[in-house]
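J.: Structure supplied as input37.cif; contents: mmCIF, C-alpha atoms.
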data_run
#
loop_
_atom_site.label_atom_id
_atom_site.label_comp_id
_atom_site.auth_asym_id
_atom_site.auth_seq_id
_atom_site.Cartn_x
_atom_site.Cartn_y
_atom_site.Cartn_z
CA MET F 1106 -32.00 45.55 -34.57
CA ARG F 1107 -34.82 43.43 -36.03
CA GLN F 1108 -38.14 44.27 -34.46
CA PRO F 1109 -40.91 41.71 -33.96
CA ARG F 1110 -44.60 42.54 -34.37
CA ILE F 1111 -47.52 40.30 -33.44
CA GLY F 1112 -51.01 40.37 -34.91
CA GLN F 1113 -54.10 38.26 -34.47
CA GLY F 1114 -56.98 37.66 -36.80
CA ILE F 1115 -60.33 35.97 -36.49
CA ASP F 1116 -63.00 35.16 -39.04
CA VAL F 1117 -66.26 33.23 -39.09
CA HIS F 1118 -68.63 32.48 -41.96
CA PRO F 1119 -71.90 30.56 -42.12
CA LEU F 1120 -72.05 27.22 -43.90
CA VAL F 1121 -74.42 27.12 -46.89
CA ALA F 1122 -75.44 24.62 -49.56
CA GLY F 1123 -74.19 24.98 -53.11
CA ARG F 1124 -70.65 26.18 -52.39
CA ASP F 1125 -67.27 24.49 -52.14
CA LEU F 1126 -65.66 24.34 -48.71
CA VAL F 1127 -62.25 26.01 -48.97
CA LEU F 1128 -59.88 26.24 -46.01
CA GLY F 1129 -56.25 27.30 -46.28
CA GLY F 1130 -56.55 27.21 -50.06
CA VAL F 1131 -57.65 23.56 -50.05
CA THR F 1132 -61.05 22.47 -51.38
CA ILE F 1133 -62.36 19.93 -48.87
CA PRO F 1134 -65.20 17.52 -49.69
CA HIS F 1135 -68.24 18.47 -47.60
CA ARG F 1136 -71.97 18.90 -48.09
CA PHE F 1137 -71.70 22.65 -47.37
CA GLY F 1138 -69.33 25.48 -48.16
CA LEU F 1139 -68.65 28.85 -46.56
CA GLU F 1140 -70.71 31.85 -47.58
CA GLY F 1141 -68.83 34.96 -48.61
CA ASP F 1142 -67.97 37.41 -51.33
CA THR F 1143 -64.78 35.42 -51.95
CA ASP F 1144 -64.45 31.66 -51.55
CA GLY F 1145 -65.16 32.23 -47.83
CA ASP F 1146 -61.83 30.75 -46.70
CA VAL F 1147 -61.93 31.75 -43.02
CA LEU F 1148 -58.48 30.32 -42.31
CA THR F 1149 -56.78 32.43 -44.95
CA HIS F 1150 -58.88 35.46 -43.93
CA ALA F 1151 -57.78 35.11 -40.29
CA ILE F 1152 -54.12 34.94 -41.36
CA MET F 1153 -54.51 38.01 -43.57
CA ASP F 1154 -56.14 39.93 -40.71
CA GLY F 1155 -53.28 38.83 -38.42
CA ILE F 1156 -50.70 40.22 -40.84
CA LEU F 1157 -52.60 43.48 -41.26
CA GLY F 1158 -53.00 43.75 -37.48
CA ALA F 1159 -49.30 43.22 -36.86
CA LEU F 1160 -48.56 46.03 -39.29
CA ALA F 1161 -51.29 48.29 -37.81
CA LEU F 1162 -52.88 48.52 -41.27
CA GLY F 1163 -56.49 47.92 -40.27
CA ASP F 1164 -58.54 44.93 -41.37
CA LEU F 1165 -59.57 43.06 -44.50
CA GLY F 1166 -62.62 45.25 -45.07
CA GLN F 1167 -60.36 48.21 -45.76
CA TYR F 1168 -58.68 46.41 -48.66
CA PHE F 1169 -61.28 43.99 -50.02
CA ARG F 1170 -64.84 45.30 -50.30
CA ARG F 1171 -68.02 43.65 -51.49
CA GLY F 1172 -68.72 44.54 -55.10
CA GLN F 1173 -65.10 44.96 -56.16
CA PRO F 1174 -64.48 42.83 -59.27
CA GLU F 1175 -61.20 41.51 -57.82
CA VAL F 1176 -63.05 40.40 -54.65
CA ASP F 1177 -66.30 38.85 -55.86
CA GLY F 1178 -65.70 35.11 -56.20
CA ALA F 1179 -61.95 35.48 -55.64
CA ARG F 1180 -59.78 32.76 -54.19
CA SER F 1181 -58.66 34.02 -50.78
CA ILE F 1182 -55.21 32.51 -51.24
CA THR F 1183 -54.79 34.92 -54.19
CA LEU F 1184 -55.86 37.88 -52.04
CA LEU F 1185 -53.25 36.78 -49.49
CA GLN F 1186 -50.63 37.72 -52.09
CA HIS F 1187 -51.82 41.34 -51.94
CA VAL F 1188 -51.52 41.36 -48.14
CA CYS F 1189 -48.02 39.87 -48.42
CA ASP F 1190 -47.10 42.64 -50.86
CA LEU F 1191 -48.18 45.21 -48.24
CA MET F 1192 -46.04 43.38 -45.66
CA LYS F 1193 -43.02 43.45 -47.98
CA GLU F 1194 -43.53 47.18 -48.65
CA LYS F 1195 -43.31 47.73 -44.89
CA ARG F 1196 -40.13 45.58 -44.89
CA TYR F 1197 -41.42 42.71 -42.76
CA VAL F 1198 -41.37 38.94 -43.18
CA ILE F 1199 -43.30 36.15 -41.51
CA GLY F 1200 -41.68 34.65 -38.43
CA ASN F 1201 -44.45 32.14 -37.90
CA VAL F 1202 -48.20 31.65 -38.05
CA ASP F 1203 -50.24 29.71 -35.49
CA ALA F 1204 -53.84 29.14 -36.57
CA THR F 1205 -56.83 27.23 -35.24
CA VAL F 1206 -59.95 26.23 -37.17
CA VAL F 1207 -63.10 25.61 -35.12
CA ALA F 1208 -65.52 23.22 -36.85
CA GLU F 1209 -67.55 20.19 -35.86
CA MET F 1210 -67.33 18.74 -39.37
CA PRO F 1211 -65.60 17.86 -41.56
CA LYS F 1212 -62.60 16.42 -39.79
CA LEU F 1213 -59.60 18.42 -41.00
CA ALA F 1214 -56.65 16.22 -40.00
CA PRO F 1215 -56.38 14.62 -43.48
CA TYR F 1216 -56.03 18.09 -45.06
CA ARG F 1217 -53.77 19.81 -42.52
CA GLN F 1218 -50.45 19.18 -44.31
CA GLN F 1219 -51.84 20.32 -47.67
CA MET F 1220 -53.22 23.52 -46.08
CA GLN F 1221 -49.89 24.11 -44.36
CA ASP F 1222 -47.96 23.64 -47.62
CA ILE F 1223 -50.25 25.93 -49.66
CA LEU F 1224 -50.23 28.67 -47.03
CA ALA F 1225 -46.45 28.44 -46.57
CA ARG F 1226 -45.93 28.76 -50.31
CA ALA F 1227 -48.21 31.82 -50.46
CA LEU F 1228 -46.47 33.38 -47.44
CA GLU F 1229 -43.02 32.53 -48.88
CA VAL F 1230 -41.94 30.63 -45.77
CA GLU F 1231 -41.13 27.05 -44.84
CA PRO F 1232 -44.09 24.81 -43.92
CA SER F 1233 -42.56 24.46 -40.44
CA GLN F 1234 -43.37 28.17 -39.91
CA VAL F 1235 -47.11 27.56 -40.35
CA SER F 1236 -49.03 25.68 -37.65
CA ILE F 1237 -52.64 24.71 -38.30
CA LYS F 1238 -54.76 23.12 -35.61
CA ALA F 1239 -58.39 22.07 -35.60
CA THR F 1240 -60.85 21.79 -32.74
CA THR F 1241 -64.57 21.55 -32.10
CA THR F 1242 -66.95 23.20 -29.64
CA ASP F 1243 -68.31 19.81 -28.52
CA HIS F 1244 -71.61 20.68 -30.22
CA LEU F 1245 -72.05 23.98 -28.35
CA GLY F 1246 -73.40 27.09 -30.09
CA MET F 1247 -73.72 27.89 -33.77
CA LEU F 1248 -70.37 26.31 -34.60
CA GLY F 1249 -71.35 23.19 -32.69
CA ARG F 1250 -74.61 22.98 -34.62
CA GLU F 1251 -72.54 23.03 -37.83
CA GLU F 1252 -73.96 26.38 -38.90
CA GLY F 1253 -70.54 27.88 -39.56
CA ILE F 1254 -66.78 27.60 -39.26
CA MET F 1255 -64.41 29.95 -37.44
CA ALA F 1256 -60.67 30.42 -37.64
CA GLN F 1257 -58.24 32.46 -35.63
CA ALA F 1258 -54.58 33.12 -36.26
CA VAL F 1259 -51.64 34.68 -34.48
CA VAL F 1260 -48.87 35.99 -36.73
CA LEU F 1261 -45.33 36.95 -35.77
CA LEU F 1262 -43.56 39.31 -38.17
CA TRP F 1263 -39.90 40.30 -38.17
CA SER F 1264 -38.60 43.56 -39.62
CA LEU F 1265 -35.92 43.29 -42.28
CA ILE F 1266 -34.09 46.30 -40.88
#
Let me see the structure of the file written as structure tokens.
T.:
Amino acid sequence: MRQPRIGQGIDVHPLVAGRDLVLGGVTIPHRFGLEGDTDGDVLTHAIMDGILGALALGDLGQYFRRGQPEVDGARSITLLQHVCDLMKEKRYVIGNVDATVVAEMPKLAPYRQQMQDILARALEVEPSQVSIKATTTDHLGMLGREEGIMAQAVVLLWSLI
């Protein structure tokens, strides 16, 4: 009987000048980008952490460490492939992903479908299996002051056996 497993991931990075803003593998025009060893893609990081959590394999820091040549400056969507390989080794597939990005700016609605398509392709699922939502904090806290962006994701996996 196929067994489901659920994992959740969360990530937050500060916004800084001089970097591209990448979310869900999409470069979005904005005056700031996300700080990080990789491209800082908090949406993709949250999804990766959700997959690892569902598999009880720890967190991103156990697989991708600062100073590793394959990590420094890497595109997070590429690192997602490694996490998907771990998932396949454990004989699981994605059931669905439900993710939320928390950011005051920029508005993400124009980029949602592109993010969904890129993430679905990387996860080897249909775009209808990837839900991406965006919200704000109504100017409350560090996210509301546009000092950073946060993402969280819930991932449902199904065993192949």
J.: Give me the result of the PyMOL selection byres ((chain F and resi 1137) around 8) on this file, residue by residue, as a VMD selection string.
T.: chain F and resid 1120 to 1126 1135 to 1136 1138 to 1139
J.: Translate the PyMOL selection byres ((chain F and resi 1240-1243) around 7), as applied to the file shown, into an explicit residue set as a ChimeraX atom specification.
T.: /F:1206-1209,1238-1239,1244-1245,1248-1249
J.: Write the residues of the preceding selection, restricted to C-alpha atoms, as an mmCIF file, in the frame of the given file.
T.:
data_model
loop_
_atom_site.group_PDB
_atom_site.id
_atom_site.type_symbol
_atom_site.label_atom_id
_atom_site.label_comp_id
_atom_site.auth_asym_id
_atom_site.auth_seq_id
_atom_site.Cartn_x
_atom_site.Cartn_y
_atom_site.Cartn_z
ATOM 1 C CA VAL F 1206 -59.950 26.230 -37.170
ATOM 2 C CA VAL F 1207 -63.100 25.610 -35.120
ATOM 3 C CA ALA F 1208 -65.520 23.220 -36.850
ATOM 4 C CA GLU F 1209 -67.550 20.190 -35.860
ATOM 5 C CA LYS F 1238 -54.760 23.120 -35.610
ATOM 6 C CA ALA F 1239 -58.390 22.070 -35.600
ATOM 7 C CA HIS F 1244 -71.610 20.680 -30.220
ATOM 8 C CA LEU F 1245 -72.050 23.980 -28.350
ATOM 9 C CA LEU F 1248 -70.370 26.310 -34.600
ATOM 10 C CA GLY F 1249 -71.350 23.190 -32.690
#
J.: Skip F:Leu1185 itself and residues of its chain fewer than 4 positions away, then list as a PyMOL selection string all residues within 7 Å of it, counting all atoms listed in the file.
T.: chain F and resi 1153+1181+1189
J.: Exactly which residues make up the result of the PyMOL selection byres ((chain F and resi 1158-1170) around 6) on this file, given as number ranges by chain?
T.: F: 1110-1112, 1154-1157, 1171, 1173
J.: Please indicate the distance in Å from atom CA of F:Val1198 to atom CA of F:His1118, rounded to one decimal place.
T.: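 That distance, rounded to one decimal, is 28.0 Å.
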J.: What's the separation between atom CA of F:Gly1141 and atom CA of F:Lys1193, in Å to one decimal place?
T.: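 Answer for the atom CA of F:Gly1141 to atom CA of F:Lys1193 separation: 27.2 Å.
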J.: So that I can check the surroundings of F:His1150, please list as a list of chain:residue names every protein, DNA and RNA residue that reaches within 10 Å of it, counting all atoms listed in the file and ignoring chain neighbours fewer than 6 positions away.
T.: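 The neighbour list is F:Gly1114, F:Ile1115, F:Asp1116, F:Val1117, F:Leu1128, F:Gly1129, F:Thr1143, F:Ile1156, F:Asp1164, F:Leu1165, F:Ser1181, F:Ile1182, F:Leu1184, F:Leu1185, F:Ala1256, F:Gln1257, F:Ala1258.
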J.: For F:Lys1195, which residue among F:Val1127, F:Val1235, F:Leu1262, F:Ile1133 is the nearest when counting only C-alpha atoms?
T.: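 Among the listed residues, F:Leu1262 lies closest to F:Lys1195.
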J.: From the list F:Asp1190, F:Pro1211, F:Glu1140, F:Thr1205, which residue is nearest F:Asp1177 when using all atoms listed in the file?
T.: F:Glu1140
J.: In Å, how far is it from atom CA of F:Asn1201 to atom CA of F:Val1176?
T.: 26.4 Å
J.: What's the 7 Å shell around stretch 1216-1224 of chain F, counting only C-alpha atoms, without same-chain residues fewer than 6 positions away, as an MDAnalysis selection string?
T.: chainID F and resid 1129:1131 1232 1235:1237
J.: My list of candidates is F:Glu1231, F:Pro1134, F:Gly1145, F:Gln1186. Which is closest to F:Lys1212 when distances are computed with all atoms listed in the file?
T.: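 That would be F:Pro1134, the residue with the smallest distance to F:Lys1212.
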J.: Where atoms are absent from stretch 1115-1135 of chain F, fill them in so it carries N, CA, C and O atoms, then output it as an mmCIF file, keeping the file's coordinate frame.
T.:
data_model
loop_
_atom_site.group_PDB
_atom_site.id
_atom_site.type_symbol
_atom_site.label_atom_id
_atom_site.label_comp_id
_atom_site.auth_asym_id
_atom_site.auth_seq_id
_atom_site.Cartn_x
_atom_site.Cartn_y
_atom_site.Cartn_z
ATOM 1 N N ILE F 1115 -59.244 36.916 -36.725
ATOM 2 C CA ILE F 1115 -60.330 35.970 -36.490
ATOM 3 C C ILE F 1115 -61.366 36.162 -37.590
ATOM 4 O O ILE F 1115 -61.586 37.285 -38.049
ATOM 5 N N ASP F 1116 -61.949 35.073 -38.031
ATOM 6 C CA ASP F 1116 -63.000 35.160 -39.040
ATOM 7 C C ASP F 1116 -63.967 34.010 -38.847
ATOM 8 O O ASP F 1116 -63.573 32.919 -38.424
ATOM 9 N N VAL F 1117 -65.223 34.261 -39.155
ATOM 10 C CA VAL F 1117 -66.260 33.230 -39.090
ATOM 11 C C VAL F 1117 -67.251 33.479 -40.218
ATOM 12 O O VAL F 1117 -67.562 34.632 -40.537
ATOM 13 N N HIS F 1118 -67.654 32.395 -40.872
ATOM 14 C CA HIS F 1118 -68.630 32.480 -41.960
ATOM 15 C C HIS F 1118 -69.662 31.364 -41.760
ATOM 16 O O HIS F 1118 -69.332 30.275 -41.272
ATOM 17 N N PRO F 1119 -70.891 31.623 -42.182
ATOM 18 C CA PRO F 1119 -71.900 30.560 -42.120
ATOM 19 C C PRO F 1119 -71.662 29.517 -43.211
ATOM 20 O O PRO F 1119 -71.135 29.819 -44.280
ATOM 21 N N LEU F 1120 -72.069 28.295 -42.909
ATOM 22 C CA LEU F 1120 -72.050 27.220 -43.900
ATOM 23 C C LEU F 1120 -73.353 27.257 -44.690
ATOM 24 O O LEU F 1120 -74.428 27.453 -44.112
ATOM 25 N N VAL F 1121 -73.252 27.093 -46.011
ATOM 26 C CA VAL F 1121 -74.420 27.120 -46.890
ATOM 27 C C VAL F 1121 -74.295 26.023 -47.941
ATOM 28 O O VAL F 1121 -73.193 25.580 -48.270
ATOM 29 N N ALA F 1122 -75.419 25.620 -48.479
ATOM 30 C CA ALA F 1122 -75.440 24.620 -49.560
ATOM 31 C C ALA F 1122 -75.016 25.293 -50.866
ATOM 32 O O ALA F 1122 -75.150 26.505 -51.035
ATOM 33 N N GLY F 1123 -74.482 24.491 -51.771
ATOM 34 C CA GLY F 1123 -74.190 24.980 -53.110
ATOM 35 C C GLY F 1123 -72.849 25.678 -53.275
ATOM 36 O O GLY F 1123 -72.619 26.306 -54.299
ATOM 37 N N ARG F 1124 -71.985 25.573 -52.287
ATOM 38 C CA ARG F 1124 -70.650 26.180 -52.390
ATOM 39 C C ARG F 1124 -69.600 25.161 -51.996
ATOM 40 O O ARG F 1124 -69.859 24.279 -51.190
ATOM 41 N N ASP F 1125 -68.398 25.319 -52.550
ATOM 42 C CA ASP F 1125 -67.270 24.490 -52.140
ATOM 43 C C ASP F 1125 -66.786 24.951 -50.772
ATOM 44 O O ASP F 1125 -66.843 26.144 -50.454
ATOM 45 N N LEU F 1126 -66.289 24.013 -49.987
ATOM 46 C CA LEU F 1126 -65.660 24.340 -48.710
ATOM 47 C C LEU F 1126 -64.165 24.493 -48.958
ATOM 48 O O LEU F 1126 -63.488 23.530 -49.327
ATOM 49 N N VAL F 1127 -63.662 25.710 -48.764
ATOM 50 C CA VAL F 1127 -62.250 26.010 -48.970
ATOM 51 C C VAL F 1127 -61.672 26.493 -47.659
ATOM 52 O O VAL F 1127 -62.185 27.433 -47.048
ATOM 53 N N LEU F 1128 -60.594 25.843 -47.223
ATOM 54 C CA LEU F 1128 -59.880 26.240 -46.010
ATOM 55 C C LEU F 1128 -58.377 26.179 -46.286
ATOM 56 O O LEU F 1128 -57.881 25.146 -46.749
ATOM 57 N N GLY F 1129 -57.692 27.267 -46.034
ATOM 58 C CA GLY F 1129 -56.250 27.300 -46.280
ATOM 59 C C GLY F 1129 -55.887 27.034 -47.720
ATOM 60 O O GLY F 1129 -54.825 26.504 -48.012
ATOM 61 N N GLY F 1130 -56.785 27.413 -48.637
ATOM 62 C CA GLY F 1130 -56.550 27.210 -50.060
ATOM 63 C C GLY F 1130 -56.862 25.817 -50.560
ATOM 64 O O GLY F 1130 -56.689 25.527 -51.740
ATOM 65 N N VAL F 1131 -57.351 24.940 -49.689
ATOM 66 C CA VAL F 1131 -57.650 23.560 -50.050
ATOM 67 C C VAL F 1131 -59.169 23.378 -50.144
ATOM 68 O O VAL F 1131 -59.899 23.760 -49.222
ATOM 69 N N THR F 1132 -59.631 22.803 -51.245
ATOM 70 C CA THR F 1132 -61.050 22.470 -51.380
ATOM 71 C C THR F 1132 -61.271 21.115 -50.716
ATOM 72 O O THR F 1132 -60.653 20.115 -51.099
ATOM 73 N N ILE F 1133 -62.139 21.108 -49.704
ATOM 74 C CA ILE F 1133 -62.360 19.930 -48.870
ATOM 75 C C ILE F 1133 -63.761 19.377 -49.155
ATOM 76 O O ILE F 1133 -64.738 20.133 -49.097
ATOM 77 N N PRO F 1134 -63.873 18.093 -49.438
ATOM 78 C CA PRO F 1134 -65.200 17.520 -49.690
ATOM 79 C C PRO F 1134 -66.108 17.675 -48.468
ATOM 80 O O PRO F 1134 -65.738 17.292 -47.356
ATOM 81 N N HIS F 1135 -67.267 18.282 -48.672
ATOM 82 C CA HIS F 1135 -68.240 18.470 -47.600
ATOM 83 C C HIS F 1135 -69.569 18.847 -48.241
ATOM 84 O O HIS F 1135 -69.599 19.370 -49.353
#
